[in-house]
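To start, the structure itself, in structure tokens.
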Amino acid sequence: MTVAMEKPEQTRTAEPAPPVKRVRTVSRSMMLGAILVVWLVLFAVLRGRQTLSLAAADLTDLHRWINDLNDSIGADRNSNPLFLYFFNEIRLVIDNLVTFVQGLISQPTGSRPVPQIGWLGVVGIAGYVSWAVGNWKVALLAVAGFTFFGLQGLWQESMDTLALILCAVFVALLFAIPLGVWAGLSDRFNRIMTPFLDFMQTMPTFVYLAPLTLFFLIGGASATIATVIYAAPPTIRITAHAIRSVPETTVEAADSMGATRRQALLKVLLPMSKRTVVMGVNQTIMAALAMVTIAALINAPGLGANVVQALQSLDVGTAFNAGLAIVVMAIVLDRVTTAASAREEAARNSKDRFLKWRRPLLGAGAAVTAVLIYLSHTYVWAADFPGDGTVGSRIASAADTATTWAQDNLSGLTNGFRDVITNGLLNPFQSLLTDSPWWLVAAVLIALGVVLGGWKAGVTTAVCVGLLVGTGVWSDGMTTLASTLVATVLVMLLGVVFGVWMGRSVLVDRLLRPTLDAAQVMPPFVYLVPFLALFGATRFTAIVAAIVYAAPVAMKIIADGVRAVPETTVEAATSTGCNTWQIITKVQLPMSRSALTLATNQGLIYVLSMVVVGGLVGAGALGYDVVAGFSQGQLYGKGLAAGLAIVLLGVMFDRITQAAARRTSA
């Protein structure tokens, strides 16, 4: 019975499985290729039609409306309650603060022909503060740097720049640190603040200036307010991160001991976050320096005014001398705040006996500094920097000589390089963007947003493109877009080459990273000067400066991405017989795709900010529109619209690349 029942089971044959249908999937690269082919075909057929081109002196109805609004605001500035009791009051407070600090260190006050604290006192304060928050090496650097400003013949200009930075950073920190603490404690507030911070950090420095002059006029107040808005986000974001990084067990221990919310904040969270918060202050100071120098476009005093005037007159020597002073100030401020951050860590961990007698030394140093301040306040010889700035004259002369030599001897090489990039890459791509019908370019950009970043990025791109058309500067926007994308491609080539080299070699990373860190400290203005000497006042100057400005951040991100690839994976590839080229192209770069996408994101934002600054040296397009709007009243509306167009391009770039990074890492 059992056998009879089991036999059919043994003789049963399995039914054949149905054939598997192979589904063809369209890869992202295939979709991108199809979009490009369709674009090129339609470009060949429709070239030159519906391009929305606008001459440099022409205005749209929007531009005229903005001009009328500006005139109306100017006429009602002293009668409109909103201005009388809000904007004018803010401007008055900021003006008084700036004037007070300038009266202390840079400008004569009242009947005094010199500031309240002369050069000797300022140098003493700089050295003492640097020593107190850092160490003696940083103090020597600060003293040497401040003395160098006087030797250049740029003491007052340097102190005007420092005064604006101090005022802007002081006001920014009053708001930024409390907002950062709030964002660190509240998830809801952090979610609200994050989009605003992303937006503010995406906007190039240029963009902050035009709208603020509408409400606060030109001058030091507008420059300071613009600097506050631009410089505050790093501290807010880093402070929030610092608060959130405090171990949960530490907070729970404080709660278990009966600490109130206020006590936990003041006794636990803030002390344990101090080092990171100081790093945020460092970033705010660097951002303030970058903005203060470019705020010379709205009549802000200081070194930026020297650079702007020299660039507009193509005076490379004067621009180089003032640019060198900006670099020195950036290095001093960066090293002092970095040393302050390091000292917080050392003070927490070190048991060195030096700490026991550091306080008496600081007391003695304070006494010496007080004497120097008294001397500089009382005696003219200690107030006015001695000398006639011959060092600065020699630096400017040497720069002019080097410029002449480069133009005489390197013009063949530089012009050849410029022509290859311009004729082989920039002109064809710019023609594709500016000579295509506007609706075709819009459709391509939206399609790229969807393919690279998903439907949300596509919607954001559609909104940005629609608003960009509405600004009336579509053609200039496409010219800026062409320069930005070409420069970004070159940035990524450099980033991949040097980033992979740094990621694979610890020695190369140690050699290159300090230089890259120093390059990121310098304000964008400074990069224009040497390339103006090499390539003259052309759009290519702005592109090369943008490449050099953006390449360091791309290199560092890619290097970190390559280094993060597990060593076991690399060893497995080596054991299978892969050579170095195969390991890089088949293992390390594919596994670093998220880092590559992030590097592209940062490279685009950095390049865009630099390309528009290039409007000062003949780059044209949106950068020129903004600069012309500051200098020519009838073009103010167009300049403001160009600033909005720059914002739209930045937001579009940022959203597409961030969405692509998330899709890559998912």
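Ligands are numbered from 1 in the order shown, chains are lettered A, B, ... in the order of the structure tokens, and residues start at 1 in each chain.
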
Subject >> Polymer residues at most 9 Å from region 295-306 of chain A, only C-alpha atoms, same-chain spacing of 5 or more positions, as a PyMOL selection string >> reply: chain A and resi 154+156-164+205-206+209-210+213+217-224+226-227+290+311+318-319+322-323+325-326+525+627+630-631

Subject >> Within 12 Å of Ala330 (chain A) using only C-alpha atoms, minus same-chain residues under 2 positions, as number ranges by chain >> reply: A: 141-142, 145-146, 158, 161-162, 165, 282-290, 292-293, 323-328, 332-338, 517-524, 526

Residues just named, written with N, CA and C atoms as a short mmCIF file (atom, residue, chain, number, x, y, z; two decimals), in the first residue's frame:
```
data_model
loop_
_atom_site.label_atom_id
_atom_site.label_comp_id
_atom_site.auth_asym_id
_atom_site.auth_seq_id
_atom_site.Cartn_x
_atom_site.Cartn_y
_atom_site.Cartn_z
N LEU A 141 52.94 85.89 13.95
CA LEU A 141 52.34 86.02 12.63
C LEU A 141 51.42 87.23 12.56
N ALA A 142 50.60 87.43 13.60
CA ALA A 142 49.68 88.56 13.62
C ALA A 142 50.44 89.89 13.64
N GLY A 145 51.98 90.38 10.25
CA GLY A 145 50.98 90.69 9.24
C GLY A 145 50.48 92.11 9.34
N PHE A 146 50.15 92.57 10.54
CA PHE A 146 49.65 93.93 10.71
C PHE A 146 50.73 94.96 10.40
N SER A 158 43.44 98.85 5.36
CA SER A 158 43.37 97.55 6.06
C SER A 158 42.54 97.66 7.33
N THR A 161 38.87 97.77 6.49
CA THR A 161 38.39 96.41 6.21
C THR A 161 38.19 95.64 7.51
N LEU A 162 39.17 95.74 8.42
CA LEU A 162 39.07 95.04 9.70
C LEU A 162 37.88 95.56 10.51
N ILE A 165 34.75 94.03 9.19
CA ILE A 165 34.69 92.60 9.55
C ILE A 165 34.29 92.45 11.02
N ASN A 282 35.28 80.81 12.94
CA ASN A 282 36.32 80.91 11.92
C ASN A 282 35.70 81.02 10.53
N GLN A 283 34.73 80.16 10.22
CA GLN A 283 34.09 80.20 8.91
C GLN A 283 33.33 81.51 8.70
N THR A 284 32.72 82.02 9.74
CA THR A 284 32.01 83.29 9.64
C THR A 284 32.97 84.43 9.35
N ILE A 285 34.12 84.44 10.00
CA ILE A 285 35.11 85.50 9.76
C ILE A 285 35.62 85.44 8.32
N MET A 286 35.88 84.24 7.82
CA MET A 286 36.36 84.11 6.44
C MET A 286 35.29 84.56 5.44
N ALA A 287 34.04 84.20 5.71
CA ALA A 287 32.95 84.64 4.84
C ALA A 287 32.80 86.15 4.90
N ALA A 288 32.96 86.73 6.09
CA ALA A 288 32.86 88.18 6.23
C ALA A 288 33.94 88.89 5.44
N LEU A 289 35.16 88.37 5.47
CA LEU A 289 36.24 88.99 4.71
C LEU A 289 35.95 88.94 3.21
N ALA A 290 35.44 87.80 2.73
CA ALA A 290 35.10 87.69 1.31
C ALA A 290 34.04 88.70 0.91
N VAL A 292 33.12 91.56 2.58
CA VAL A 292 33.54 92.95 2.81
C VAL A 292 34.37 93.47 1.65
N THR A 293 35.22 92.62 1.10
CA THR A 293 36.06 93.09 0.00
C THR A 293 35.23 93.34 -1.26
N GLY A 323 45.52 93.19 -3.17
CA GLY A 323 45.13 91.79 -3.05
C GLY A 323 46.03 91.02 -2.10
N LEU A 324 47.33 91.34 -2.11
CA LEU A 324 48.26 90.69 -1.19
C LEU A 324 47.92 91.04 0.26
N ALA A 325 47.50 92.27 0.50
CA ALA A 325 47.09 92.66 1.86
C ALA A 325 45.86 91.87 2.29
N ILE A 326 44.92 91.65 1.37
CA ILE A 326 43.73 90.86 1.69
C ILE A 326 44.12 89.43 2.03
N VAL A 327 45.06 88.87 1.27
CA VAL A 327 45.51 87.51 1.53
C VAL A 327 46.17 87.42 2.91
N VAL A 328 47.02 88.39 3.23
CA VAL A 328 47.69 88.38 4.54
C VAL A 328 46.66 88.47 5.66
N VAL A 332 46.06 85.66 8.57
CA VAL A 332 46.17 85.99 10.00
C VAL A 332 44.88 85.64 10.73
N LEU A 333 43.73 86.08 10.19
CA LEU A 333 42.45 85.81 10.86
C LEU A 333 42.17 84.31 10.92
N ASP A 334 42.50 83.60 9.86
CA ASP A 334 42.27 82.16 9.84
C ASP A 334 43.14 81.45 10.87
N ARG A 335 44.42 81.80 10.92
CA ARG A 335 45.32 81.13 11.85
C ARG A 335 44.98 81.44 13.31
N VAL A 336 44.56 82.67 13.57
CA VAL A 336 44.21 83.03 14.95
C VAL A 336 43.00 82.24 15.41
N THR A 337 41.94 82.19 14.60
CA THR A 337 40.73 81.48 15.01
C THR A 337 40.96 79.97 15.02
N THR A 338 41.78 79.46 14.11
CA THR A 338 42.10 78.04 14.12
C THR A 338 42.89 77.68 15.38
N ASP A 517 44.10 74.15 1.49
CA ASP A 517 43.44 74.83 2.60
C ASP A 517 43.68 76.34 2.53
N ALA A 518 44.92 76.72 2.24
CA ALA A 518 45.25 78.14 2.13
C ALA A 518 44.52 78.78 0.97
N ALA A 519 44.38 78.05 -0.14
CA ALA A 519 43.69 78.60 -1.31
C ALA A 519 42.22 78.87 -1.00
N GLN A 520 41.61 78.04 -0.16
CA GLN A 520 40.20 78.24 0.17
C GLN A 520 39.98 79.40 1.13
N VAL A 521 41.03 79.87 1.75
CA VAL A 521 40.92 81.00 2.67
C VAL A 521 40.81 82.31 1.91
N MET A 522 41.43 82.41 0.74
CA MET A 522 41.50 83.66 0.02
C MET A 522 40.15 84.05 -0.57
N PRO A 523 39.76 85.33 -0.48
CA PRO A 523 38.51 85.78 -1.08
C PRO A 523 38.54 85.67 -2.60
N PRO A 524 37.38 85.57 -3.25
CA PRO A 524 37.35 85.39 -4.71
C PRO A 524 38.04 86.51 -5.48
N VAL A 526 40.72 88.04 -5.08
CA VAL A 526 42.17 87.94 -5.21
C VAL A 526 42.57 87.11 -6.43
#
```

Original post:
Hey, what's within 7 Å of region 533-540 of chain A if we count only C-alpha atoms and toss same-chain stuff fewer than 2 positions away? As a PyMOL selection string, please?
Top reply: chain A and resi 316+403+406-407+414+418+529-531+542-544+617-620

Original post:
Pick from A:Ala595, A:Ile294, A:Ala168, A:Met30: nearest to Val101 (chain A), with only C-alpha atoms counted?
Top reply: A:Ala168

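The residue that comes closest to Val307 (chain A), out of A:Leu433, A:Ala253, A:Leu616, A:Leu589 and on the basis of only C-alpha atoms, is A:Leu616.
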
Subject >> Long-range neighbours of Asp61 (chain A) as a PyMOL selection string, 12 Å cut-off, only C-alpha atoms, 3 positions minimum in chain >> reply: chain A and resi 58+64-68+470-473+637-638+641

Restricting the output to N, CA and C atoms, write the selected residues as a PDB file, in the first residue's frame.
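The result, written out as part.pdb:
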```pdb
ATOM      1  N   ASP A  58      19.465  97.787 -23.384  1.00  0.00           N
ATOM      2  CA  ASP A  58      18.011  97.627 -23.477  1.00  0.00           C
ATOM      3  C   ASP A  58      17.429  97.159 -22.147  1.00  0.00           C
ATOM      4  N   ARG A  64      12.252  98.293 -15.962  1.00  0.00           N
ATOM      5  CA  ARG A  64      11.754  99.659 -15.782  1.00  0.00           C
ATOM      6  C   ARG A  64      10.911  99.759 -14.514  1.00  0.00           C
ATOM      7  N   TRP A  65      10.141  98.705 -14.236  1.00  0.00           N
ATOM      8  CA  TRP A  65       9.330  98.722 -13.009  1.00  0.00           C
ATOM      9  C   TRP A  65      10.225  98.755 -11.779  1.00  0.00           C
ATOM     10  N   ILE A  66      11.325  97.995 -11.794  1.00  0.00           N
ATOM     11  CA  ILE A  66      12.259  98.014 -10.659  1.00  0.00           C
ATOM     12  C   ILE A  66      12.904  99.382 -10.527  1.00  0.00           C
ATOM     13  N   ASN A  67      13.246 100.004 -11.659  1.00  0.00           N
ATOM     14  CA  ASN A  67      13.802 101.360 -11.613  1.00  0.00           C
ATOM     15  C   ASN A  67      12.804 102.331 -10.993  1.00  0.00           C
ATOM     16  N   ASP A  68      11.535 102.236 -11.412  1.00  0.00           N
ATOM     17  CA  ASP A  68      10.503 103.117 -10.846  1.00  0.00           C
ATOM     18  C   ASP A  68      10.331 102.856  -9.352  1.00  0.00           C
ATOM     19  N   GLY A 470      11.434  85.092 -16.984  1.00  0.00           N
ATOM     20  CA  GLY A 470      10.771  86.305 -16.543  1.00  0.00           C
ATOM     21  C   GLY A 470      11.706  87.439 -16.178  1.00  0.00           C
ATOM     22  N   THR A 471      12.955  87.133 -15.822  1.00  0.00           N
ATOM     23  CA  THR A 471      13.894  88.201 -15.465  1.00  0.00           C
ATOM     24  C   THR A 471      14.281  89.072 -16.653  1.00  0.00           C
ATOM     25  N   GLY A 472      14.097  88.568 -17.864  1.00  0.00           N
ATOM     26  CA  GLY A 472      14.450  89.349 -19.040  1.00  0.00           C
ATOM     27  C   GLY A 472      15.911  89.311 -19.415  1.00  0.00           C
ATOM     28  N   VAL A 473      16.709  88.484 -18.728  1.00  0.00           N
ATOM     29  CA  VAL A 473      18.144  88.394 -19.039  1.00  0.00           C
ATOM     30  C   VAL A 473      18.484  86.949 -19.410  1.00  0.00           C
ATOM     31  N   GLY A 637      17.599  98.355 -12.424  1.00  0.00           N
ATOM     32  CA  GLY A 637      16.589  97.305 -12.513  1.00  0.00           C
ATOM     33  C   GLY A 637      17.110  96.071 -13.207  1.00  0.00           C
ATOM     34  N   LYS A 638      17.879  96.276 -14.265  1.00  0.00           N
ATOM     35  CA  LYS A 638      18.452  95.139 -14.972  1.00  0.00           C
ATOM     36  C   LYS A 638      19.482  94.428 -14.101  1.00  0.00           C
ATOM     37  N   ALA A 641      17.622  92.324 -11.610  1.00  0.00           N
ATOM     38  CA  ALA A 641      17.088  91.131 -12.276  1.00  0.00           C
ATOM     39  C   ALA A 641      18.206  90.127 -12.566  1.00  0.00           C
TER      40      ALA A 641
END
```

Considering only C-alpha atoms, return as a PDB file with N, CA, C and O atoms, in the first residue's frame whatever protein or nucleic-acid residues lie within 10 Å of region 109-112 of chain A, sequence-local ones (same chain, fewer than 4 positions apart) excluded.
```pdb
ATOM      1  N   THR A  99      30.965 103.413  12.408  1.00  0.00           N
ATOM      2  CA  THR A  99      31.690 104.671  12.625  1.00  0.00           C
ATOM      3  C   THR A  99      32.469 104.629  13.933  1.00  0.00           C
ATOM      4  O   THR A  99      33.607 105.123  14.016  1.00  0.00           O
ATOM      5  N   PHE A 100      31.875 104.019  14.959  1.00  0.00           N
ATOM      6  CA  PHE A 100      32.560 103.919  16.255  1.00  0.00           C
ATOM      7  C   PHE A 100      33.836 103.086  16.136  1.00  0.00           C
ATOM      8  O   PHE A 100      34.901 103.495  16.620  1.00  0.00           O
ATOM      9  N   GLN A 102      35.502 102.352  13.381  1.00  0.00           N
ATOM     10  CA  GLN A 102      36.457 103.064  12.532  1.00  0.00           C
ATOM     11  C   GLN A 102      37.151 104.175  13.299  1.00  0.00           C
ATOM     12  O   GLN A 102      38.352 104.410  13.130  1.00  0.00           O
ATOM     13  N   GLY A 103      36.402 104.884  14.146  1.00  0.00           N
ATOM     14  CA  GLY A 103      37.014 105.929  14.956  1.00  0.00           C
ATOM     15  C   GLY A 103      38.039 105.385  15.931  1.00  0.00           C
ATOM     16  O   GLY A 103      38.982 106.086  16.313  1.00  0.00           O
ATOM     17  N   LEU A 104      37.876 104.131  16.336  1.00  0.00           N
ATOM     18  CA  LEU A 104      38.846 103.524  17.240  1.00  0.00           C
ATOM     19  C   LEU A 104      40.157 103.200  16.542  1.00  0.00           C
ATOM     20  O   LEU A 104      41.239 103.454  17.097  1.00  0.00           O
ATOM     21  N   GLN A 116      41.527 106.926  17.588  1.00  0.00           N
ATOM     22  CA  GLN A 116      41.731 106.859  19.034  1.00  0.00           C
ATOM     23  C   GLN A 116      42.880 105.918  19.387  1.00  0.00           C
ATOM     24  O   GLN A 116      43.623 106.168  20.336  1.00  0.00           O
TER      25      GLN A 116
END
```

Original post:
When distances are computed from only C-alpha atoms, which of A:Leu608, A:Leu440, A:Met555, A:Leu179 shows the smallest separation from Ile192 (chain A)?
Top reply: A:Leu179

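Within the 9 Å cut-off around Val268 (chain A), using only C-alpha atoms and omitting residues fewer than 3 positions from it on the same chain, the listed residues are Val246, Thr250, Val251, Ala254, Gln263, Ala264, Leu265, Pro271, Met272 and Ser273 of chain A.
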
Subject >> Distance of CA of Leu622 (chain A) from CA of Ala642 (chain A), expressed in Å to one decimal place >> reply: 5.4 Å

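Take the candidates A:Val465, A:Val308, A:Ile656, A:Met502 and check each one against Gly614 (chain A) using only C-alpha atoms; the shortest distance goes to A:Val308.
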
Output as a Markdown table one row per residue of region 450-524 of chain A within 8 Å of region 421-430 of chain A: the closest atom pair and its distance in Å to one decimal place, counting only C-alpha atoms, sorted by chain and residue number ascending.
```
| residue | atom | partner | partner_atom | distance |
| --- | --- | --- | --- | --- |
| A:Met478 | CA | A:Gln430 | CA | 7.2 |
| A:Thr479 | CA | A:Gln430 | CA | 5.9 |
| A:Ala482 | CA | A:Gln430 | CA | 5.1 |
| A:Ser483 | CA | A:Leu426 | CA | 6.8 |
| A:Val486 | CA | A:Leu426 | CA | 6.4 |
```

Can you write just those residues out, N, CA and C atoms, as a short mmCIF file (atom, residue, chain, number, x, y, z; two decimals), in the first residue's frame?
```cif
data_model
loop_
_atom_site.label_atom_id
_atom_site.label_comp_id
_atom_site.auth_asym_id
_atom_site.auth_seq_id
_atom_site.Cartn_x
_atom_site.Cartn_y
_atom_site.Cartn_z
N MET A 478 22.25 82.43 -20.15
CA MET A 478 22.80 81.28 -20.87
C MET A 478 24.30 81.44 -21.10
N THR A 479 24.76 82.67 -21.31
CA THR A 479 26.20 82.89 -21.45
C THR A 479 26.92 82.55 -20.15
N ALA A 482 26.97 78.80 -19.75
CA ALA A 482 28.00 78.15 -20.57
C ALA A 482 29.37 78.25 -19.90
N SER A 483 29.72 79.44 -19.45
CA SER A 483 31.02 79.62 -18.79
C SER A 483 31.11 78.77 -17.52
N VAL A 486 31.46 74.93 -18.50
CA VAL A 486 32.78 74.64 -19.06
C VAL A 486 33.83 74.66 -17.96
#
```

**OP:** Report the residues of region 363-412 of chain A whose backbone DSSP state falls under alpha helix (DSSP H), written as a PyMOL selection string.
**Re:** chain A and resi 363-378+390-409+411-412

Residue subset to file, keeping C-alpha atoms, as a compact mmCIF listing (two decimals), in the first residue's frame:
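The result, written out as result-v4.txt:
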```
# COMPACT_ATOMS: atom_id res chain seq x y z
CA GLY A 363 48.61 89.59 32.87
CA ALA A 364 52.04 90.97 32.02
CA GLY A 365 51.15 90.95 28.34
CA ALA A 366 47.94 92.85 29.05
CA ALA A 367 49.94 95.51 30.89
CA VAL A 368 52.36 95.91 27.97
CA THR A 369 49.45 96.13 25.55
CA ALA A 370 47.81 98.83 27.68
CA VAL A 371 51.04 100.86 27.54
CA LEU A 372 51.16 100.53 23.75
CA ILE A 373 47.54 101.66 23.49
CA TYR A 374 48.31 104.69 25.67
CA LEU A 375 51.33 105.63 23.57
CA SER A 376 49.40 105.29 20.31
CA HIS A 377 46.58 107.42 21.72
CA THR A 378 48.88 110.12 23.03
CA THR A 390 57.74 102.21 -0.28
CA VAL A 391 57.36 98.46 0.22
CA GLY A 392 53.92 98.61 -1.38
CA SER A 393 55.24 100.72 -4.25
CA ARG A 394 57.99 98.17 -4.86
CA ILE A 395 55.49 95.31 -4.77
CA ALA A 396 53.24 97.09 -7.27
CA SER A 397 56.21 97.91 -9.49
CA ALA A 398 57.43 94.31 -9.38
CA ALA A 399 53.94 93.09 -10.27
CA ASP A 400 53.77 95.49 -13.22
CA THR A 401 57.20 94.34 -14.38
CA ALA A 402 56.20 90.70 -14.09
CA THR A 403 52.99 91.44 -16.00
CA THR A 404 54.88 93.14 -18.80
CA TRP A 405 57.36 90.26 -18.98
CA ALA A 406 54.57 87.68 -19.04
CA GLN A 407 52.71 89.52 -21.78
CA ASP A 408 55.87 89.90 -23.85
CA ASN A 409 57.25 86.39 -23.40
CA SER A 411 51.65 85.65 -24.79
CA GLY A 412 52.07 82.88 -27.36
```

Subject >> Nearest candidate to Val463 (chain A) (options A:Ser245, A:Ala659, A:Met652, A:Thr434; using only C-alpha atoms) >> reply: A:Met652
